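Below is one structure, written out as structure tokens, with a few remarks after it.
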Amino acid sequence: MKKLINSPDDVASETMEGLVAAFPQSVRSLEGVRAIVRRDAPIQGKVAVVTGGGSGHEPMWWCYVGRGMPDASIVGNIFAAPPPSPIYQTAKAVDGGRGVLFIYGNYSGDVLNFDAAVEILKAEKVSVAVVRTTDDVASAPPDRKSDRRGIAGSFFALKIAAARAEEGAGLEEVTATAKRANFSTRSMALALSSCTIPASGQPIFQLGEDEVAIGMGGHGEPGIYHGPMRSADELAQLMISSILADEAAKSGDEVAVLVNGMGATPLGELLIMYRAVSKLLSEAKLKIYRSYVGNYCTTLDMAGCSISLIRLDDELKRLLLAPADSPYFTQG
Amino acid sequence: MKRTTIGIIELREILRFVSESVTKEESRLNALDAAIGDGDHGITVRVGFQAVRKSIENTSNATDISTILGNAGRAFMDATGGAIGIILGRMLISGQEALKGRETLGADELKCWLDAMESTIIAVGKAKPGDKTILDAVHAASVAVSASVSQGNDVVEALLAASQAADRAARDTANMLCKVGRASRLGEQVLGHPDPGAVTFSIVMDSFYRWLIEHPPESNGTHPLHS
């Protein structure tokens with residue numbers, strides 16, 4: 001294993017220090033707490049949107065903190081949810097008096113730790129709401145949608161909910177918008193290689209040279225299908241058909257598309273995948289409103305990609321295009 | 001001379017010994033986790049127990065076993081995170097509540113603590129025995145200790161029963177399907193692989209027992225650590 005690190009145990013905290021050093025115009029750290037907060041937080045009179053999770057998925061979660069984006073993100077160890085105490089302290093630090101909405105991926109570790117923090121906040125009469133992202137269609141059948149895990153498509157719920165909070169909406173409205181964005185999003189991922197956890201130096205699963213794993217989790221949980229490698233067009237076809245089979249959108253709908261890299265896949269390959277996706281969506285008579293291609297939610301040095309689709313209405317379109325200024329997502 | 005209880009000094013040493021044992025097993029625990037998860041369980045518990053060790057050194061003025069366990073649990077939780085962080089952390093913290101006011105950890109206290117651990121896991125993790133989690137090992141240890149206590153056994157014998165039962169139960173989790181947690185999404189792929197959390201708990205119980213038998217009190221009744 002060759003990695004640009006100092007010590008495996010310091011990866012999460014040193015990544016965080018690097019982010020704050022590189023983007024002081026957007027974010028700052030929080031004294032004594034492993035979290036990234038918006039530079040000007042707390043914003044009085046605004047609902048605070050707080051996210052977080054294990055690290056190793058950068059830029060997901062904490063590189064998306066900023067104006068028009070989440071107010072804060074708690075940084076866990078590699079692939080491990082942050083503990084309750086920093087979640088609690090971060091929420092307190094960014095609460096602008098109108099409540100706190102937690103948005104995070106639906107993983108048991110995150111649920112346990114965020115729930116424990118929510119319990120303490122509620123006891124202190126802080127208004128708190130929770131939306132868990134569940135965009136990964138491969139992780140549970142349609143009748144158990146709420147059991148699904150959150151992967152790259154979580155980006156849409158974060159961006160859209162934070163934009164609604166920025167407009168001055170109250171906690172209930174922001175929460176409803178976040179839920180709607182999440183329920184309108186579907187994702188499917190594939191892996192071409194495993195990733196290597198810095199502390200163990202070992203790949204976390206085995207994938208043959210000529211194999212592809214479809215439907216795998218963002219932490220390398222083995223996929224639901226290991227099969228022979230196929231062309232980009234064929235893989236895109238497989239992924240899009242399972243997304244569309246999950247009632248992602250119907251003919252005539254407007255959608256935003258995210259083709260996300262897992263960390264070790266060149267942008268060129270993601271664009272080749274996007275090319276196939278855009279053709280397939282146009283054959284399905286879907287209108288692509290906006291597209292995003294790049295590394296949004298990685299899994300360390302894994303090769304592969306995910307495709308996410310969100311069905312849009314006028315409100316979601318407005319919020320998606322609202323200005324944003326975070327280290328790894330800026331617009332308008 | 002027979003040992004019948006664990007005092008504050010012994011508990012500190014035992015927790016240090018647990019930290020050493022878990023560190024030695026780091027690679028094996030990672031490998032077990034790689035089969036059904038993301039392969040970092042060994043790292044997590046090593047980091048967690050290193051923090052426990054530090055908490056013992058930083059709170060050398062703690063005057064009762066219950067405070068030591070509470071501090072250890074909070075240190076574990078804060079250093080690790082993830083599902084195992086909060087579950088193992090709260091299992092240690094459950095000792096703080098269950099053993100409040102007790103000066104030593106004898107067989108009865110061990111039983112109370114194991115019962116508290118079991119209800120903590122059920123409350124926090126929503127797991128049941130048979131779900132292929134750490135609970136399977138804790139539950140088995142708890143049942144074994146209850147039986148041992150009812151036969152009038154001391155803490156050393158009770159810990160032997162606990163560690164044997166936990167070890168057996170951890171091995172048996174290989175035959176179970178995951179019902180809760182991240183690995184529950186894997187279906188039959190998990191068969192043949194034991195739950196890493198259950199194995200960790202068996203290592204912890206084994207370390208408690210082994211420390212005690214490797215450090216018998218001296219025949220004149222004074223423990224070397226007290227002299």
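Residues are referred to by chain and number: the chain letter is A, B, ... according to the order shown in the structure tokens, the number counts from 1 in that chain, and ligands are numbered separately from 1 in the order shown.
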
Per residue of chain A within 7 Å of chain B, what are the shortest atom pair and its distance in Å to one decimal, counting only C-alpha atoms, with rows by chain and residue number, as a tab-separated table?
residue	atom	partner	partner_atom	distance
A:Gly76	CA	B:Gly81	CA	6.7
A:Asn77	CA	B:Thr80	CA	6.9
A:Ala80	CA	B:Gly82	CA	4.3
A:Ala81	CA	B:Gly82	CA	4.2
A:Pro82	CA	B:Gly81	CA	4.7
A:Pro83	CA	B:Gly81	CA	4.4
A:Tyr107	CA	B:Arg182	CA	6.5
A:Ser108	CA	B:Gly181	CA	5.3
A:Gly109	CA	B:Ala83	CA	3.7
A:Asp110	CA	B:Gly82	CA	6.5
A:Leu112	CA	B:Ala83	CA	6.4
A:Asn113	CA	B:Ile86	CA	6.7
A:Ser139	CA	B:Arg185	CA	6.6
A:Ala199	CA	B:Ile43	CA	6.8
A:Ile204	CA	B:Ala34	CA	5.6
A:Phe205	CA	B:Ala34	CA	6.6
A:His219	CA	B:Asp38	CA	6.0
A:Gly220	CA	B:Asp38	CA	6.1
A:Glu221	CA	B:Gly37	CA	5.7

Keeping only N, CA and C atoms, take the residues you just selected and write them out as a compact mmCIF listing (two decimals), in the first residue's frame.
# COMPACT_ATOMS: atom_id res chain seq x y z
N GLY A 76 -16.30 11.66 11.05
CA GLY A 76 -16.01 10.40 11.74
C GLY A 76 -14.68 9.82 11.29
N ASN A 77 -14.25 8.74 11.95
CA ASN A 77 -13.08 8.00 11.47
C ASN A 77 -13.42 7.40 10.10
N ALA A 80 -16.54 5.19 9.66
CA ALA A 80 -17.22 5.01 10.95
C ALA A 80 -17.98 6.28 11.30
N ALA A 81 -19.24 6.13 11.66
CA ALA A 81 -20.04 7.28 12.05
C ALA A 81 -19.38 8.03 13.20
N PRO A 82 -19.53 9.37 13.25
CA PRO A 82 -18.99 10.10 14.40
C PRO A 82 -19.78 9.77 15.67
N PRO A 83 -19.13 9.87 16.83
CA PRO A 83 -19.81 9.57 18.10
C PRO A 83 -20.82 10.66 18.48
N TYR A 107 -27.22 4.40 7.65
CA TYR A 107 -26.37 3.26 8.05
C TYR A 107 -26.56 3.07 9.54
N SER A 108 -26.52 1.82 10.00
CA SER A 108 -26.85 1.59 11.41
C SER A 108 -25.95 2.38 12.35
N GLY A 109 -24.66 2.48 12.04
CA GLY A 109 -23.76 3.23 12.92
C GLY A 109 -24.16 4.70 13.00
N ASP A 110 -24.49 5.28 11.87
CA ASP A 110 -24.89 6.69 11.86
C ASP A 110 -26.20 6.88 12.62
N LEU A 112 -27.47 5.08 15.06
CA LEU A 112 -27.28 4.94 16.52
C LEU A 112 -26.64 6.19 17.11
N ASN A 113 -25.60 6.70 16.45
CA ASN A 113 -24.87 7.83 17.02
C ASN A 113 -25.64 9.14 16.90
N SER A 139 -29.90 -1.69 -2.26
CA SER A 139 -29.71 -2.11 -0.87
C SER A 139 -30.95 -2.68 -0.20
N ALA A 199 -5.52 2.02 7.63
CA ALA A 199 -5.01 1.38 8.83
C ALA A 199 -4.73 -0.11 8.65
N ILE A 204 -10.63 -4.36 0.95
CA ILE A 204 -11.71 -4.82 1.84
C ILE A 204 -12.57 -5.89 1.20
N PHE A 205 -12.41 -6.14 -0.07
CA PHE A 205 -13.04 -7.32 -0.67
C PHE A 205 -12.28 -7.69 -1.93
N HIS A 219 -19.23 1.39 1.30
CA HIS A 219 -18.12 0.99 2.16
C HIS A 219 -17.53 -0.32 1.69
N GLY A 220 -17.90 -0.73 0.46
CA GLY A 220 -17.37 -1.98 -0.06
C GLY A 220 -18.12 -3.18 0.46
N GLU A 221 -19.32 -3.00 1.01
CA GLU A 221 -20.11 -4.17 1.33
C GLU A 221 -20.26 -4.91 0.00

Next on the checklist: Can you pull out every residue from segment 4-171 of chain B that DSSP, working from the backbone, puts in helix (DSSP H, G or I), and format the result as a PyMOL selection string?
Outcome noted: chain B and resi 8-24+26-36+41-58+65-80+82-98+107-125+134-150+155-171

Restricting it to C-alpha atoms, dump the selection as a compact mmCIF listing (two decimals), in the first residue's frame.
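Result written to out21.txt:
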# COMPACT_ATOMS: atom_id res chain seq x y z
CA ILE B 8 -9.99 -0.81 41.59
CA ILE B 9 -6.26 -1.50 41.08
CA GLU B 10 -6.90 -4.88 39.50
CA LEU B 11 -9.63 -3.47 37.26
CA ARG B 12 -7.20 -0.87 35.90
CA GLU B 13 -4.64 -3.57 35.17
CA ILE B 14 -7.24 -5.81 33.59
CA LEU B 15 -8.44 -3.05 31.24
CA ARG B 16 -4.81 -2.41 30.22
CA PHE B 17 -4.46 -6.12 29.57
CA VAL B 18 -7.67 -6.11 27.50
CA SER B 19 -6.19 -3.30 25.42
CA GLU B 20 -3.03 -5.36 24.82
CA SER B 21 -4.99 -8.48 23.90
CA VAL B 22 -7.26 -6.64 21.49
CA THR B 23 -4.25 -4.94 19.87
CA LYS B 24 -2.64 -8.36 19.32
CA GLU B 26 -6.27 -6.52 15.44
CA SER B 27 -5.42 -8.27 12.15
CA ARG B 28 -7.56 -11.30 12.88
CA LEU B 29 -10.54 -9.08 13.76
CA ASN B 30 -10.04 -7.04 10.59
CA ALA B 31 -10.01 -10.24 8.55
CA LEU B 32 -13.21 -11.49 10.21
CA ASP B 33 -14.86 -8.17 9.47
CA ALA B 34 -13.63 -8.14 5.87
CA ALA B 35 -15.69 -11.27 5.25
CA ILE B 36 -18.96 -9.58 6.17
CA HIS B 41 -13.32 -3.87 13.16
CA GLY B 42 -9.89 -4.69 14.57
CA ILE B 43 -8.70 -1.14 13.98
CA THR B 44 -11.77 0.27 15.67
CA VAL B 45 -11.54 -1.80 18.83
CA ARG B 46 -7.76 -1.30 19.03
CA VAL B 47 -8.23 2.48 18.83
CA GLY B 48 -11.10 2.28 21.32
CA PHE B 49 -9.22 0.29 23.94
CA GLN B 50 -6.13 2.46 23.50
CA ALA B 51 -8.39 5.36 24.46
CA VAL B 52 -9.66 3.33 27.42
CA ARG B 53 -6.06 2.81 28.49
CA LYS B 54 -5.41 6.53 28.25
CA SER B 55 -8.56 7.26 30.26
CA ILE B 56 -7.26 4.99 33.02
CA GLU B 57 -3.98 6.87 33.13
CA ASN B 58 -5.68 10.28 33.05
CA ILE B 65 -14.78 0.78 39.85
CA SER B 66 -18.01 2.26 38.59
CA THR B 67 -16.33 5.59 37.66
CA ILE B 68 -13.52 3.75 35.92
CA LEU B 69 -15.98 1.86 33.75
CA GLY B 70 -17.95 5.03 32.95
CA ASN B 71 -14.80 6.92 31.94
CA ALA B 72 -13.59 3.96 29.93
CA GLY B 73 -16.87 3.72 28.04
CA ARG B 74 -16.98 7.42 27.19
CA ALA B 75 -13.36 7.29 26.04
CA PHE B 76 -14.08 4.28 23.87
CA MET B 77 -17.12 5.90 22.29
CA ASP B 78 -15.45 9.25 21.62
CA ALA B 79 -12.37 7.66 20.06
CA THR B 80 -14.16 5.31 17.70
CA GLY B 82 -19.63 3.76 14.30
CA ALA B 83 -22.11 1.21 15.57
CA ILE B 84 -19.53 -0.74 17.52
CA GLY B 85 -18.25 2.46 19.17
CA ILE B 86 -21.57 3.35 20.71
CA ILE B 87 -22.44 -0.26 21.57
CA LEU B 88 -19.15 -1.25 23.21
CA GLY B 89 -18.90 2.22 24.76
CA ARG B 90 -22.33 1.91 26.31
CA MET B 91 -21.62 -1.64 27.45
CA LEU B 92 -18.73 -0.28 29.51
CA ILE B 93 -20.82 2.68 30.70
CA SER B 94 -23.60 0.29 31.75
CA GLY B 95 -21.13 -0.93 34.39
CA GLN B 96 -21.05 2.55 35.86
CA GLU B 97 -24.78 2.48 36.54
CA ALA B 98 -25.00 -1.20 37.49
CA ALA B 107 -19.25 -12.67 41.00
CA ASP B 108 -22.55 -10.93 41.88
CA GLU B 109 -21.35 -7.64 40.43
CA LEU B 110 -20.19 -9.40 37.28
CA LYS B 111 -23.67 -10.82 36.89
CA CYS B 112 -25.24 -7.36 37.38
CA TRP B 113 -22.88 -5.82 34.85
CA LEU B 114 -23.51 -8.51 32.22
CA ASP B 115 -27.26 -8.11 32.68
CA ALA B 116 -26.86 -4.36 32.23
CA MET B 117 -24.76 -4.90 29.09
CA GLU B 118 -27.40 -7.15 27.67
CA SER B 119 -30.24 -4.70 28.21
CA THR B 120 -28.09 -1.87 26.87
CA ILE B 121 -27.43 -3.70 23.61
CA ILE B 122 -31.09 -4.58 23.24
CA ALA B 123 -32.13 -0.97 23.89
CA VAL B 124 -29.46 0.72 21.78
CA GLY B 125 -28.87 -1.75 18.97
CA ILE B 134 -22.18 -9.06 19.95
CA LEU B 135 -25.38 -9.69 21.94
CA ASP B 136 -25.10 -13.43 21.26
CA ALA B 137 -21.78 -13.59 23.09
CA VAL B 138 -22.92 -11.27 25.90
CA HIS B 139 -26.13 -13.20 26.37
CA ALA B 140 -24.29 -16.52 26.57
CA ALA B 141 -21.82 -15.08 29.08
CA SER B 142 -24.65 -13.65 31.15
CA VAL B 143 -26.48 -16.99 31.29
CA ALA B 144 -23.26 -18.81 32.18
CA VAL B 145 -22.40 -16.35 34.95
CA SER B 146 -25.89 -16.56 36.44
CA ALA B 147 -25.53 -20.34 36.62
CA SER B 148 -22.05 -20.04 38.07
CA VAL B 149 -23.18 -17.54 40.71
CA SER B 150 -26.12 -19.70 41.72
CA VAL B 155 -15.51 -14.19 40.26
CA VAL B 156 -12.62 -16.20 38.79
CA GLU B 157 -14.81 -19.23 38.20
CA ALA B 158 -17.62 -17.02 36.94
CA LEU B 159 -15.25 -15.35 34.47
CA LEU B 160 -14.02 -18.72 33.27
CA ALA B 161 -17.65 -19.70 32.62
CA ALA B 162 -18.27 -16.32 30.93
CA SER B 163 -15.25 -16.55 28.66
CA GLN B 164 -15.95 -20.14 27.63
CA ALA B 165 -19.60 -19.38 26.94
CA ALA B 166 -18.77 -16.18 25.03
CA ASP B 167 -16.18 -18.01 22.94
CA ARG B 168 -18.60 -20.78 22.05
CA ALA B 169 -21.37 -18.31 21.27
CA ALA B 170 -19.07 -16.18 19.12
CA ARG B 171 -18.11 -19.27 17.09

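Proximity to Ser242 of chain A was assessed for A:Gly99, A:Arg28, A:Arg290, A:Ile307 counting only C-alpha atoms; the smallest distance is recorded for A:Ile307.
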